[in-house]
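Asks: One structure, pasted below without further comment.
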Amino acid sequence: MAKKLYERPIIRPLTSGLMNKFGSRSEYLPVTHIDGASVKDMLKEFGSPLFVFSERQVRENMRNAKRAFETRYPKVQFAWSYKTNYLNAICNIFHQEGSWAEVVSRFEYDKAILNGVPGDKILFNGPDKTDDDLRTAIKNNSPIHIDHLDELYRLTEQATEMKVKPRVAIRINMDTGIYPLWDRFGFNYENGQAWDALNKIMASGKLNLVGLHAHIGTYMISTNAYYVAATKLADLAINLKQKHDTTIQYIDMGGGFASQNTLKGSYLKGADMVPSVNEYAEAICTGLINAGFKSNELPTLILEPGRVLIDDAGFLLGTVIANKRLSDGRKATILDFGVNILFTSFWYDHKISPAQEFGMHTEDTILYGPLCMNIDVIRENVALPPLNAGDNLVVHHVGAYDITQSMQFISLRPAVVIVDSMSKAHLIKRKETLQDIQHNEAMPEFLRSFKLS
Ligand SMILES: *Cc1c(COP(=O)(O)O)cnc(C)c1O
């Protein structure tokens with residue numbers, strides 16, 4: 001047997017940018033512009049960090065969703081979920097595109113009124129409606145979506161006093177095959193609570209039952225759950241007709257469609273895993289159309305999707321403050337935005353792109369925010385090219401919930417702009433100031449003065 005030739009071992013560092021299991025480095029292509037507006041120019045003009053919305057993307061998402069449902073079902077109405085993003089400029093784009101408003105508190109209700117949404121086009125959801133909230137909604141003829149029996153009784157009382165028959169729907173929760181069950185809102189389908197509430201409404205004769213509502217969860221990746229929910233709501237509607245000779249006007253399927261963000265711990269990227277809006281539409285519309293309605297009695301289908309319509313239209317721009325090495329040698333980069341304005345970083349691995357050209361090397365990096373808090377981690381581990389202090393970054397898909405759930409904590413919240421179809425950035429919320437925060441504080445006389453010696 002011939003002796004094998006000795007070859008000395010070579011150790012060579014892997015230059016990343018090579019293929020990994022998801023493909024090439026394309027995730028890290030620099031993003032220098034958003035809809036034609038320069039990232040660096042916007043940061044110069046409005047300060048860093050900065051939220052940026054794409055008008056084009058919002059309208060495109062809304063039109064795609066409308067098309068998906070309207071091509072499959074004859075009567076469709078969208079209602080914009082205010083809590084997902086209630087910046088007035090964003091709400092108004094949805095209203096311009098024909099969406100009603102879907103609100104879950106008096107604060108959101110009043111916001112919709114101030115935006116000019118007619119009362120009868122504001123769907124009032126949520127478990128917390130005071131008598132005054134109910135009376136206001138009754139006066140404005142807003143559909144009130146009842147969450148629990150106590151609300152049903154109080155509403156009946158207010159309606160009796162006001163001598164009007166308010167338009168109501170009840171919220172239904174049910175087993176859609178997704179666990180844990182979302183059963184804290186509304187009346188349960190399987191255990192008879194839903195029928196109990198419907199029978200009570202019909203027996204009292206004091207409320208005008210116009211709809212049935214469900215919102216089965218959020219970031220739902222099963223379209224079949226929507227098929228099941230649509231079938232169960234349709235079953236209630238058809239039986240209402242038989243039992244009480246009542247034809248409801250609408251079935252509201254809520255929201256919860258997943259956006260393309262990647263959940264933490266997910267093996268696949270969101271974009272490769274979540275169903276398209278067409279697939280949600282197919283499940284829901286198939287469920288309703290095959291449920292057995294007479295074709296002239298098909299209820300209007302109302303939809304309240306939030307995150308799927310706005311997430312990818314929002315970006316967060318920021319700046320590198322510094323780099324450092326942790327005690328174990330890992331690279332850490334400190335950014336000028338933290339989890340207080342990027343709340344969704346607790347459950348998503350956000351895609352992050354440098355905003356300037358860079359070489360082909362990358363290094364695993366932990367991204368910290370600027371807060372003096374251990375939990376302020378934007379990404380636990382992301383392969384990024386070396387970034388220097390002053391370099392800029394773009395975080396993708398932050399349009400849903402980050403603004404509405406942002407916290408004023410340690411630092412002030414940033415400005416928000418929207419880029420229009422001519423690539424011009426318009427301010428839609430100015431940067432918070434110290435005066436904004438102090439505005440609501442009060443100083444009792446006895447605490448006014450002190451002497452430090
Ligand atoms: C939050 C909410 C929505 C929107 O949910 P998404 O997950 O953002 O689509 C719709 N309807 C109701 C009742 C809600 O509470």
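Following the order of the structure tokens, first chain is A, next is B, and so on, with residues numbered from 1 inside each chain and ligands from 1 in the order they appear.
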Quick one: everything within 9 Å of A:Ile144, counting only C-alpha atoms, minus sequence neighbours fewer than 5 positions away in the same chain. Send it as a PyMOL selection string.
Replies: chain A and resi 122-125+134+137-138+166-170
Asks: Would you write out those residues with C-alpha atoms, as a PDB file, in the first residue's frame?
Replies:
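Final output, part-v8.pdb:
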ATOM      1  CA  ILE A 122     -66.545  52.920  13.884  1.00  0.00           C
ATOM      2  CA  LEU A 123     -66.664  49.372  15.262  1.00  0.00           C
ATOM      3  CA  PHE A 124     -66.357  49.556  19.043  1.00  0.00           C
ATOM      4  CA  ASN A 125     -64.560  46.458  20.371  1.00  0.00           C
ATOM      5  CA  LEU A 134     -71.704  53.150  25.585  1.00  0.00           C
ATOM      6  CA  ALA A 137     -71.458  55.042  20.839  1.00  0.00           C
ATOM      7  CA  ILE A 138     -75.267  54.706  20.953  1.00  0.00           C
ATOM      8  CA  PRO A 166     -78.426  50.374  19.525  1.00  0.00           C
ATOM      9  CA  ARG A 167     -76.721  48.364  16.807  1.00  0.00           C
ATOM     10  CA  VAL A 168     -74.793  45.529  18.428  1.00  0.00           C
ATOM     11  CA  ALA A 169     -72.746  42.465  17.609  1.00  0.00           C
ATOM     12  CA  ILE A 170     -71.361  39.921  20.010  1.00  0.00           C
TER      13      ILE A 170
END
Asks: At a cut-off of 6 Å around ligand 1, and using only C-alpha atoms and all ligand atoms, what residues come up? Please write them as a compact mmCIF listing (two decimals) with N, CA and C atoms, in the first residue's frame.
Replies:
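Output contents, as saved in result_18.txt:
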# COMPACT_ATOMS: atom_id res chain seq x y z
N SER A 81 -57.58 48.69 12.25
CA SER A 81 -57.35 48.41 13.66
C SER A 81 -56.47 49.52 14.25
N THR A 84 -53.11 48.97 16.23
CA THR A 84 -51.92 48.51 15.50
C THR A 84 -51.03 49.68 15.12
N ASN A 125 -64.92 47.74 19.74
CA ASN A 125 -64.56 46.46 20.37
C ASN A 125 -63.99 46.70 21.76
N HIS A 215 -62.19 37.52 16.66
CA HIS A 215 -60.80 37.89 16.35
C HIS A 215 -60.00 36.78 17.03
N THR A 218 -53.50 36.51 17.07
CA THR A 218 -52.66 37.43 16.32
C THR A 218 -51.42 36.69 15.83
N TYR A 219 -50.90 37.11 14.68
CA TYR A 219 -49.81 36.40 14.00
C TYR A 219 -50.19 34.93 13.86
N GLY A 254 -62.41 39.77 12.16
CA GLY A 254 -61.27 40.29 12.90
C GLY A 254 -60.00 40.35 12.07
N GLY A 255 -58.86 40.26 12.75
CA GLY A 255 -57.56 40.33 12.06
C GLY A 255 -56.70 39.16 12.50
N GLY A 256 -55.41 39.42 12.67
CA GLY A 256 -54.50 38.38 13.14
C GLY A 256 -53.65 37.75 12.05
N PHE A 257 -53.83 38.19 10.79
CA PHE A 257 -53.00 37.61 9.71
C PHE A 257 -51.53 37.95 9.99
N GLU A 304 -60.64 43.07 9.91
CA GLU A 304 -59.91 44.05 10.72
C GLU A 304 -58.41 43.74 10.81
N PRO A 305 -57.77 43.31 9.73
CA PRO A 305 -56.35 42.99 9.87
C PRO A 305 -55.53 44.24 10.17
N GLY A 306 -54.55 44.10 11.04
CA GLY A 306 -53.68 45.22 11.41
C GLY A 306 -52.28 45.01 10.90
N ARG A 307 -51.54 44.14 11.59
CA ARG A 307 -50.09 44.03 11.33
C ARG A 307 -49.76 43.70 9.88
Asks: Sorted by chain and rising residue number, which residues of stretch 129-246 of chain A lie within 10 Å of stretch 100-112 of chain A, and what are their closest atom pairs and distances in Å to one decimal, counting only C-alpha atoms, as a Markdown table?
Replies:
| residue | atom | partner | partner_atom | distance |
| --- | --- | --- | --- | --- |
| A:Lys129 | CA | A:Ser105 | CA | 7.0 |
| A:Thr130 | CA | A:Arg106 | CA | 8.6 |
| A:Asp132 | CA | A:Arg106 | CA | 9.4 |
| A:Asp133 | CA | A:Arg106 | CA | 6.3 |
| A:Leu134 | CA | A:Arg106 | CA | 9.4 |
| A:Thr136 | CA | A:Arg106 | CA | 9.4 |
| A:Ala137 | CA | A:Tyr109 | CA | 8.7 |
| A:Ser142 | CA | A:Tyr109 | CA | 9.9 |
| A:His145 | CA | A:Val104 | CA | 9.7 |
Asks: Write out, as a JSON list (two decimals), in the first residue's frame, the residues just selected, with C-alpha atoms.
Replies:
[["chain", "number", "residue", "atom", "x", "y", "z"],
["A", 129, "LYS", "CA", -66.53, 50.35, 27.84],
["A", 130, "THR", "CA", -67.96, 52.62, 30.54],
["A", 132, "ASP", "CA", -70.54, 57.00, 29.17],
["A", 133, "ASP", "CA", -68.63, 55.22, 26.36],
["A", 134, "LEU", "CA", -71.70, 53.15, 25.58],
["A", 136, "THR", "CA", -71.61, 58.03, 23.19],
["A", 137, "ALA", "CA", -71.46, 55.04, 20.84],
["A", 142, "SER", "CA", -71.68, 52.93, 16.17],
["A", 145, "HIS", "CA", -69.30, 44.62, 19.89]]
Asks: Can you list, as a compact mmCIF listing (two decimals) with N, CA and C atoms, in the first residue's frame, every residue of stretch 181-282 of chain A that DSSP puts in strand (DSSP E or B)?
Replies:
# COMPACT_ATOMS: atom_id res chain seq x y z
N PHE A 187 -67.84 35.57 23.96
CA PHE A 187 -68.64 34.45 24.45
C PHE A 187 -68.24 33.18 23.72
N ASN A 188 -68.16 32.08 24.46
CA ASN A 188 -67.65 30.85 23.86
C ASN A 188 -68.70 30.17 22.99
N ASN A 208 -80.48 45.98 18.70
CA ASN A 208 -80.60 45.62 17.30
C ASN A 208 -79.38 44.78 16.91
N LEU A 209 -79.54 43.47 16.87
CA LEU A 209 -78.41 42.58 16.60
C LEU A 209 -78.06 42.65 15.10
N VAL A 210 -76.90 43.25 14.79
CA VAL A 210 -76.54 43.41 13.38
C VAL A 210 -75.37 42.52 12.95
N GLY A 211 -74.60 41.98 13.91
CA GLY A 211 -73.43 41.24 13.46
C GLY A 211 -72.91 40.22 14.46
N LEU A 212 -71.97 39.44 13.98
CA LEU A 212 -71.24 38.48 14.81
C LEU A 212 -69.76 38.75 14.56
N HIS A 213 -68.98 38.73 15.64
CA HIS A 213 -67.58 39.13 15.53
C HIS A 213 -66.67 38.07 16.15
N MET A 220 -51.39 34.69 13.32
CA MET A 220 -51.90 33.33 13.13
C MET A 220 -51.32 32.77 11.85
N TYR A 250 -73.78 41.53 9.15
CA TYR A 250 -72.37 41.25 8.85
C TYR A 250 -71.77 40.18 9.75
N ILE A 251 -70.75 39.55 9.20
CA ILE A 251 -69.86 38.68 9.97
C ILE A 251 -68.50 39.35 9.94
N ASP A 252 -67.95 39.62 11.14
CA ASP A 252 -66.67 40.30 11.25
C ASP A 252 -65.63 39.26 11.68
N PHE A 257 -53.83 38.19 10.79
CA PHE A 257 -53.00 37.61 9.71
C PHE A 257 -51.53 37.95 9.99
N LEU A 263 -40.32 35.28 13.65
CA LEU A 263 -40.43 35.08 15.09
C LEU A 263 -39.10 34.58 15.65
Asks: Atom CA of A:Leu29 and atom CA of A:Lys429 are how many Å apart?
Replies: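 Computed distance, atom CA of A:Leu29 to atom CA of A:Lys429, equals 29.1 Å.
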Asks: Given the choices A:Gly369, A:Gly329, A:Gly318, A:Pro386, which gets closest to A:Lys40 if the distance is worked out from only C-alpha atoms?
Replies: A:Gly318
